[in-house]
Structure formats: structure tokens, C-alpha cells
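Enquirer: One structure, as C-alpha cells, below. Some questions next.
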Amino acid sequence: ATAKTLPTIRQLPPNLINQIAAGEVIERPASVVKELLENSIDAGSTRIEVSIQGGGTELIRIADNGCGMTAEQLPLALASHATSKLPDDESLFHVSTLGFRGEALASIGSVSHLTIRSRTETDDCGSEINVRGGVIEPPAPCGCPVGTVMEIRNLFFNTPVRHRFLKTAQTEKGHIVEAFTRLALANPQVHFVLNNGDKLVHDLPVTERWSDRISAFFGGEIAESLIPIKSDDAQIRISGYVCDPSVSRGNARMQYLFLNGRHIRDRSLQHALVEAYRGLLMVGRQPVCFLRLDMPAEMIDVNVHPTKLEVRFTDGGRVYARLLQSLRHQFLSTDMTQRVGPPA
Ligand code: ADP
Ligand code: MG
């Protein structure tokens, strides 16, 4: 038999590694918006302004008034697996920030033209750094307010396949609005602004009442049908609102679940919700809800999914039971049978 030629095993260059990593977390412009908003929130910002053009493929600009970064920190922030959010190795098991993988900026910078301008409170002058397709230029001084401005242009310019899979600007804008909505709902303590081209889409001032933020997004019908939910035990706290059965939907998209401030999707918790509404909804209808679950970080593993949309509970059965029980308890005292809506 003829000898087979052995394939060469090669160590990939860092830039290609980052592009591969970007494939996991940066699927479309909305993924960039999500990652950057999370960073701005982690930076302690109280005001965050998002501006997009061309569905985010031409421009995504996010300006915050958070802690900012120094000139020395900027290149590090762009390096892969570099984060300020895991101060020691133990922290991975009780993550309290939205980020911790240290991959987002490296990934975004490898598939776009990224400019960061940033200044900390103690610095008189800000710094600017530019990355094009993973090639990082040295930082230079620039004038800017305290906080950080991120500008992303030409997303996926060097990854033709990803670029081809982009939908129309209108569709991409829709995904961005959804990502923005989830983060703005989860953080009523932050003033959020969203501009699309020269149009103002949302201007959401800080509020203490979560229902204000909810009605700013979804308006009267939903705001009027909110039924408060509140339940506490030593470890699991559940709060927020479910909606009157009359505002049910044909799909589960309006079921907003936030776990320790992070928007999540969880089949088991969705099941508990539907179970609680059993007999109150027409077949095939889905309830609308805005629920926050808070529990010690040790009870959750957020490190199972690159975008952290799904999490794993150490005791999923207990969380399920607690949610179902607190919804049922509230429904009993609300006389939901009076609230069953007209057939859809
Ligand atoms: P992660 O959020 O997982 O740490 P990122 O790549 O998203 O990773 O960000 C890397 C680091 O850059 C962060 O840990 C943080 O120190 C810094 N950083 C990113 N965005 C901001 C921002 N808007 N304000 C201040 N620091 C930021
Ligand atoms: Mg991040």
C-alpha cells in the first residue's frame, strides 16, 4: 500500500482564533449590541446611548458614562481571555457581572473596524485605540468625557460568509431592538437611549418602578394588565409581573425572565409558567410575563453557553417548584377566572 501523506497539525494564529471565537458569540449586529451593553452596565454606567445605522452593519455606537479605561488598559481589554471581572480563579464560581469570558472585544475587533475612546475619572485626558480585523494600533491621547465610546463599522468585512447571512437592515434593526429591550428591562436604574439613523427610538429615564420601564416598551394594554408577583424564601427571590390572560400571545416571545439581572431562556421555567396558567388560557396561547429571579450565584452555572442565554441550576427542581407555587398563590388571591380574556 502507498503511504498516506500525513496532514500537518498547525497552531492557529491568534487572529484566526479570535475569528473562530467571534463565530460563537457574534452572530449578527444585535450580538455586538448585547455584548457592549453588558460591558457598559458592568462598568457601572448610569446612562447608555446606542446609535445604529444600516441595521448595525454600517455603524454601532455605544456611549456610556461608566468607569472608563486607561491608556494601559485599552490594549488588554482587546486581548482575548483578558477580563477585569474574575479577580481570582475562584470568582468563576460566583460570577456577579454580566461578562467574565474576556472574549467579546477581541472577537468584535477581529471581524470589524472598532474604535474605542475612553477616560477614567482620575485621568485628565482620554485615550483612543483602533482595531481593524484584529490588527491593534497603539493607543493615542484624545479628548472625551469620563466613560467609554465604542464605535463598530463594517461588521464582518473580513468574514464573507457571515456577511452574506446578514438579513435586511430592517430585520437586523429588529434584533437590535430586542437585545436593547432585554437589557433595558433588566436595568431600570440606568437611563437608556436608542437612536436609529437620525430617529430617536427610545429614551428611557431612570425609574424606581419596574412597571414604568415595562410600559415604556409595551404601552397601555400590557401596563394595565400587570399582576404583581412577590415571593421570598431564604435563597430564592421572585418578583415582577405576570399579565392578565386576556393579553396572551401566540408565542412565548413576551415571556421575559431575568435571573440575577441577566435575561435568560429556560424551558423548565417556561413550563412552570404555562402550568400556572392552566385552564386560564385558550389552547396554544402563551402568557406574557416579566419576572425576576434572584438567588445566590452559587446556585447557578452561567458558564454553559457562550452567549449565556441558557444557565444551569444546581437544583432546578426546587426553582421550578418555587416559581409554580408563587404564581399559583398569587392567582388564587387575584380571582383570575374573572380575568379570562375573550377568545382570540
Ligand atoms: P468581559 O466583559 O467578559 O470581561 P470583554 O471582552 O467584553 O470581556 O471586555 C474586556 C474588558 O474590557 C472588561 O473586563 C472591562 O475591564 C473592559 N471594558 C469593556 N467595556 C468597557 C466599558 N464600556 N467600560 C469600562 N471598561 C470596559
Ligand atoms: Mg463583556
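In the C-alpha cells, chains take the letters A, B, ... in the order shown, each chain's residues start at 1, and ligands count up from 1 in the order shown.
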Any chance you could list, as a VMD selection string, the residues in range 20-248 of chain A that come up strand (DSSP E or B) when DSSP is run on the backbone?

Expert: chain A and resid 47 to 53 59 to 64 113 to 119 126 to 132 135 to 136 140 to 142 147 to 153 191 to 196 199 to 204 226 to 232 237 to 243

Enquirer: Using only C-alpha atoms and all ligand atoms, find each residue with an atom at most 8 Å away from ligand 1 and format the answer as an NGL selection string.

Expert: :A and (35-43 or 63-64 or 66-69 or 73-74 or 76-86 or 98-107 or 118 or 147-150)

Enquirer: Keeping N, CA and C atoms, export the residues of the selection given above as a short mmCIF file (atom, residue, chain, number, x, y, z; two decimals), in the first residue's frame.

Expert:
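The result, written out as again27.cif:
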data_model
loop_
_atom_site.label_atom_id
_atom_site.label_comp_id
_atom_site.auth_asym_id
_atom_site.auth_seq_id
_atom_site.Cartn_x
_atom_site.Cartn_y
_atom_site.Cartn_z
N GLU A 35 -23.33 42.49 23.74
CA GLU A 35 -22.05 42.40 24.45
C GLU A 35 -21.61 43.77 24.95
N LEU A 36 -21.77 44.80 24.12
CA LEU A 36 -21.30 46.13 24.53
C LEU A 36 -22.18 46.73 25.61
N LEU A 37 -23.49 46.50 25.52
CA LEU A 37 -24.37 47.00 26.59
C LEU A 37 -24.03 46.32 27.91
N GLU A 38 -23.76 45.02 27.85
CA GLU A 38 -23.38 44.31 29.08
C GLU A 38 -22.12 44.92 29.68
N ASN A 39 -21.15 45.25 28.82
CA ASN A 39 -19.91 45.86 29.32
C ASN A 39 -20.20 47.22 29.96
N SER A 40 -21.06 48.01 29.33
CA SER A 40 -21.38 49.33 29.87
C SER A 40 -22.07 49.21 31.22
N ILE A 41 -22.95 48.23 31.35
CA ILE A 41 -23.64 48.01 32.62
C ILE A 41 -22.64 47.54 33.69
N ASP A 42 -21.78 46.59 33.32
CA ASP A 42 -20.75 46.12 34.26
C ASP A 42 -19.84 47.27 34.70
N ALA A 43 -19.67 48.27 33.83
CA ALA A 43 -18.79 49.40 34.15
C ALA A 43 -19.47 50.42 35.07
N ALA A 63 -22.24 54.77 23.76
CA ALA A 63 -21.54 55.72 24.62
C ALA A 63 -22.07 55.55 26.04
N ASP A 64 -21.15 55.35 27.00
CA ASP A 64 -21.60 55.22 28.39
C ASP A 64 -20.85 56.19 29.29
N GLY A 66 -19.67 55.15 32.30
CA GLY A 66 -19.15 54.23 33.31
C GLY A 66 -17.72 54.55 33.72
N CYS A 67 -17.04 53.57 34.32
CA CYS A 67 -15.73 53.81 34.94
C CYS A 67 -14.63 54.12 33.93
N GLY A 68 -14.83 53.79 32.66
CA GLY A 68 -13.81 54.08 31.65
C GLY A 68 -12.59 53.18 31.76
N MET A 69 -11.64 53.40 30.86
CA MET A 69 -10.39 52.62 30.87
C MET A 69 -9.21 53.56 30.65
N GLN A 73 -4.89 50.13 29.89
CA GLN A 73 -5.88 49.05 29.91
C GLN A 73 -6.44 48.74 28.52
N LEU A 74 -6.45 49.73 27.64
CA LEU A 74 -7.14 49.55 26.35
C LEU A 74 -6.64 48.33 25.55
N LEU A 76 -5.22 45.70 26.61
CA LEU A 76 -5.58 44.49 27.37
C LEU A 76 -7.06 44.15 27.19
N ALA A 77 -7.88 45.20 27.19
CA ALA A 77 -9.32 44.97 27.03
C ALA A 77 -9.59 44.28 25.70
N LEU A 78 -8.72 44.53 24.71
CA LEU A 78 -8.91 43.97 23.38
C LEU A 78 -8.29 42.58 23.24
N ALA A 79 -7.47 42.20 24.20
CA ALA A 79 -6.83 40.87 24.12
C ALA A 79 -7.86 39.80 24.46
N SER A 80 -7.71 38.62 23.86
CA SER A 80 -8.69 37.57 24.19
C SER A 80 -8.35 36.97 25.54
N HIS A 81 -9.39 36.49 26.20
CA HIS A 81 -9.27 35.93 27.55
C HIS A 81 -8.63 36.90 28.51
N ALA A 82 -8.95 38.18 28.35
CA ALA A 82 -8.48 39.18 29.32
C ALA A 82 -9.71 39.88 29.87
N THR A 83 -9.87 39.86 31.18
CA THR A 83 -11.05 40.42 31.82
C THR A 83 -10.69 41.02 33.17
N SER A 84 -11.44 42.06 33.56
CA SER A 84 -11.27 42.62 34.90
C SER A 84 -12.27 42.00 35.87
N LYS A 85 -13.07 41.04 35.35
CA LYS A 85 -14.23 40.59 36.13
C LYS A 85 -14.03 39.30 36.90
N LEU A 86 -12.88 38.67 36.71
CA LEU A 86 -12.55 37.50 37.52
C LEU A 86 -11.23 37.79 38.23
N LEU A 98 -22.14 40.67 34.29
CA LEU A 98 -22.74 40.07 33.09
C LEU A 98 -21.67 39.40 32.24
N GLY A 99 -20.48 39.99 32.19
CA GLY A 99 -19.37 39.40 31.44
C GLY A 99 -18.41 38.69 32.36
N PHE A 100 -17.55 37.86 31.80
CA PHE A 100 -16.44 37.26 32.54
C PHE A 100 -15.54 36.45 31.62
N ARG A 101 -15.96 36.25 30.36
CA ARG A 101 -15.18 35.39 29.47
C ARG A 101 -14.02 36.14 28.81
N GLY A 102 -14.08 37.46 28.83
CA GLY A 102 -12.99 38.25 28.25
C GLY A 102 -12.81 38.03 26.77
N GLU A 103 -13.90 37.74 26.07
CA GLU A 103 -13.77 37.41 24.66
C GLU A 103 -14.46 38.39 23.71
N ALA A 104 -15.42 39.15 24.25
CA ALA A 104 -16.27 39.94 23.36
C ALA A 104 -15.48 40.97 22.55
N LEU A 105 -14.68 41.79 23.22
CA LEU A 105 -13.99 42.85 22.49
C LEU A 105 -12.97 42.27 21.51
N ALA A 106 -12.27 41.22 21.91
CA ALA A 106 -11.32 40.57 20.99
C ALA A 106 -12.06 40.03 19.77
N SER A 107 -13.22 39.42 20.00
CA SER A 107 -13.99 38.87 18.89
C SER A 107 -14.50 39.97 17.98
N SER A 118 -11.98 56.32 25.56
CA SER A 118 -12.33 56.09 26.95
C SER A 118 -11.53 57.00 27.88
N GLY A 147 -15.93 57.96 30.81
CA GLY A 147 -16.77 56.89 30.28
C GLY A 147 -16.14 56.33 29.02
N THR A 148 -16.94 55.61 28.25
CA THR A 148 -16.41 54.89 27.10
C THR A 148 -17.33 55.04 25.90
N VAL A 149 -16.73 55.25 24.74
CA VAL A 149 -17.49 55.24 23.49
C VAL A 149 -16.92 54.14 22.61
N MET A 150 -17.78 53.24 22.17
CA MET A 150 -17.36 52.16 21.27
C MET A 150 -18.01 52.40 19.92
#

Enquirer: Can you list, as a PyMOL selection string, every protein, DNA or RNA residue that comes within 7 Å of Ser112 in chain A when you count only C-alpha atoms, leaving out same-chain residues fewer than 6 positions away?

Expert: chain A and resi 132-133+152-157

Enquirer: Can you list, as JSON, numbers by chain, all residues belonging to range 131-208 of chain A that DSSP tags as helix (DSSP H, G or I)?

Expert: {"A": [160, 161, 162, 163, 164, 169, 170, 171, 172, 173, 174, 175, 176, 177, 178, 179, 180, 181, 182, 183, 184, 185, 186]}

Enquirer: Using only C-alpha atoms and all ligand atoms, which of A:Val50, A:Ala234, A:Val32, A:Ile227 sits nearest ligand 2?

Expert: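 Looking only at the distances to ligand 2, the closest residue turns out to be A:Val32.
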
Enquirer: Between A:Lys34, A:Arg10, A:Lys4, A:Arg249, which has the minimum distance to His175 in chain A (counting only C-alpha atoms)?

Expert: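 Ranking A:Lys34, A:Arg10, A:Lys4, A:Arg249 by distance to His175 in chain A, first place goes to A:Lys34.
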
Enquirer: What does the distance between CA of Phe290 in chain A and CA of Tyr256 in chain A come to in Å, to one decimal place?

Expert: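 These atoms are spaced 4.8 Å apart.
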
Enquirer: I want to know what sits within 10 Å of Ala184 in chain A, based on only C-alpha atoms, with residues of the same chain fewer than 4 positions away left out; could you give that as a ChimeraX atom specification?

Expert: /A:37,41,48,178-180,188-193,204,213-214,217

Enquirer: So that I can check the surroundings of Phe258 in chain A, please list as a short mmCIF file (atom, residue, chain, number, x, y, z; two decimals) with N, CA and C atoms, in the first residue's frame every protein, DNA and RNA residue that reaches within 8 Å of it, counting only C-alpha atoms and ignoring chain neighbours fewer than 6 positions away.

Expert:
data_model
loop_
_atom_site.label_atom_id
_atom_site.label_comp_id
_atom_site.auth_asym_id
_atom_site.auth_seq_id
_atom_site.Cartn_x
_atom_site.Cartn_y
_atom_site.Cartn_z
N ALA A 186 -34.00 44.81 32.16
CA ALA A 186 -33.31 44.25 33.33
C ALA A 186 -32.67 45.33 34.19
N ILE A 264 -32.61 35.41 30.54
CA ILE A 264 -32.35 34.01 30.21
C ILE A 264 -33.56 33.39 29.51
N PHE A 290 -43.10 39.27 33.09
CA PHE A 290 -41.83 39.95 33.33
C PHE A 290 -41.40 39.54 34.73
N LEU A 291 -40.55 38.56 34.81
CA LEU A 291 -40.23 38.01 36.12
C LEU A 291 -38.73 38.07 36.41
N ARG A 292 -38.43 38.47 37.63
CA ARG A 292 -37.03 38.48 38.06
C ARG A 292 -36.85 37.41 39.10
N LEU A 293 -35.84 36.59 38.91
CA LEU A 293 -35.46 35.60 39.91
C LEU A 293 -34.09 36.00 40.42
#

Enquirer: Any idea what the distance is between CA of Ser96 in chain A and CA of Pro205 in chain A?

Expert: 24.5 Å

Enquirer: Using only C-alpha atoms and all ligand atoms, can you tell me which of A:Arg28, A:Lys308, A:His271, A:His263 comes closest to ligand 2?

Expert: A:Lys308

Enquirer: Which of these residues is nearest to ligand 2, using only C-alpha atoms and all ligand atoms: A:Val33, A:Ile116, A:Ile17, A:Leu200?

Expert: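 Under the stated criterion, the closest residue is A:Val33.
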
Enquirer: Give the answer as one residue: which of A:Thr122, A:Gln235, A:Asn130, A:Ser31 has the shortest atom-to-atom distance to Glu172 in chain A, using only C-alpha atoms?

Expert: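 Under the stated criterion, the closest residue is A:Ser31.
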